[in-house]
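**Student:** Pasting in a structure now, in structure tokens, and then I'll have a few things to ask.
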Amino acid sequence: MSAKRMDLKKKSLFILSGVTNPLGKHLAIEMCSRFQMGSLVMLMDVDDKCLQEVRQEIETSTKGLQVVCCNLMEWQNADSKLFHNLLATVLSLPQQEAGGFREFEFALIVHNEGTFATHMLMEPQDAESWMAFANQHLYAPVALNQEFIKCAALKDTPKLLININSQFMIQPMFYSSLKCSCKKARDMYFRSIASDESLRNVTVMSYAPGILKTHQPQYDENNNVIDVADVMAGEEEEKWLKLPRVEPQQATLKLINILEKISFISGHDVDYYDTYVL
């Protein structure tokens, strides 16, 4: 596959799945600053207050975009039927500006759902907890992608899928089999879909935004602070702890720079730390 650059300055459909974690707000605002007037933005998450706050910031800083908030209530019940209905409803909304049939030059979805940087060690877990976690971090993104790709209204529209991932969290760590297993499976899914959908003008990127400064210390069940180095499985994994922490704004601008200027290969993982130059 050849290296690609993406022109974001188009009339676009932009879906951000996951707004409430530290990266979400920056992704929403910076991405929206690139799109042309008449673009449609769908913000998906479970916190209505946060959704509305981000919507207001986008509408204040960027004119000519239509922003729709989709409160999923809870990720555990998010499935193909829900996403199908949401897409159909939002895409049928009348345009805010005068004009005819809504057509997009580009469709982009950023999967930022999930809370991987938890403050508590997550093992051991019962089977029900595994299923709930996997539904949010693996099954829901798959269901959303399926509906997004096969959506009739977007049939001939070039599409980009971005998976916000973590190179740190796919390394083997003690007490983290739940998070690491879902992260690794998610990474492989996006790699595979890049090949499966390449003939339908679908481009895929997995982007690791680095270890954010907002990440908090972890605690065990007795509320004792756990040194992250103590849960690393080997010396190879410990190298990640020596990398500089990243501000969410830095991580977002780096992603946009990779898309627009540096280029990437569809299906490959791209890490913030691949180069320190924004």
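Just so we're on the same page: first chain in the structure tokens is A, next is B, and so on; residues restart at 1 for each chain, and ligands are numbered from 1 in the order they show up.
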Neighbours of segment 256-261 of chain A within 12 Å (only C-alpha atoms; same-chain residues fewer than 2 positions away dropped), as a VMD selection string?

**Tutor:** chain A and resid 3 to 9 26 to 34 108 110 160 to 162 203 to 209 249 to 254 263 to 266 269 to 272 274 to 278

**Student:** Counting only C-alpha atoms, which residue out of A:Asp45, A:Glu105, A:Glu53, A:Glu147 sits closest to Asn85 of chain A?

**Tutor:**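 Closest to Asn85 of chain A of all the choices is A:Glu147.
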
**Student:** Could you give me, as a list in words, the residues within 9 Å of Ile149 of chain A, counting only C-alpha atoms and dropping anything in the same chain fewer than 4 positions from it?

**Tutor:** Leu144, Asn145, Leu154, Lys155, Lys159, Glu197, Arg200 and Val202 of chain A

**Student:** Record the distance separating atom CA of Ile164 of chain A and atom CA of Lys25 of chain A, expressed in Å with one decimal.

**Tutor:**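 Interatomic distance, atom CA of Ile164 of chain A to atom CA of Lys25 of chain A: 13.7 Å.
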
**Student:** Which residue gives the smallest distance to Leu65 of chain A among A:Met44, A:Met37, A:Leu91, A:Ala107, with only C-alpha atoms counted?

**Tutor:** A:Met37
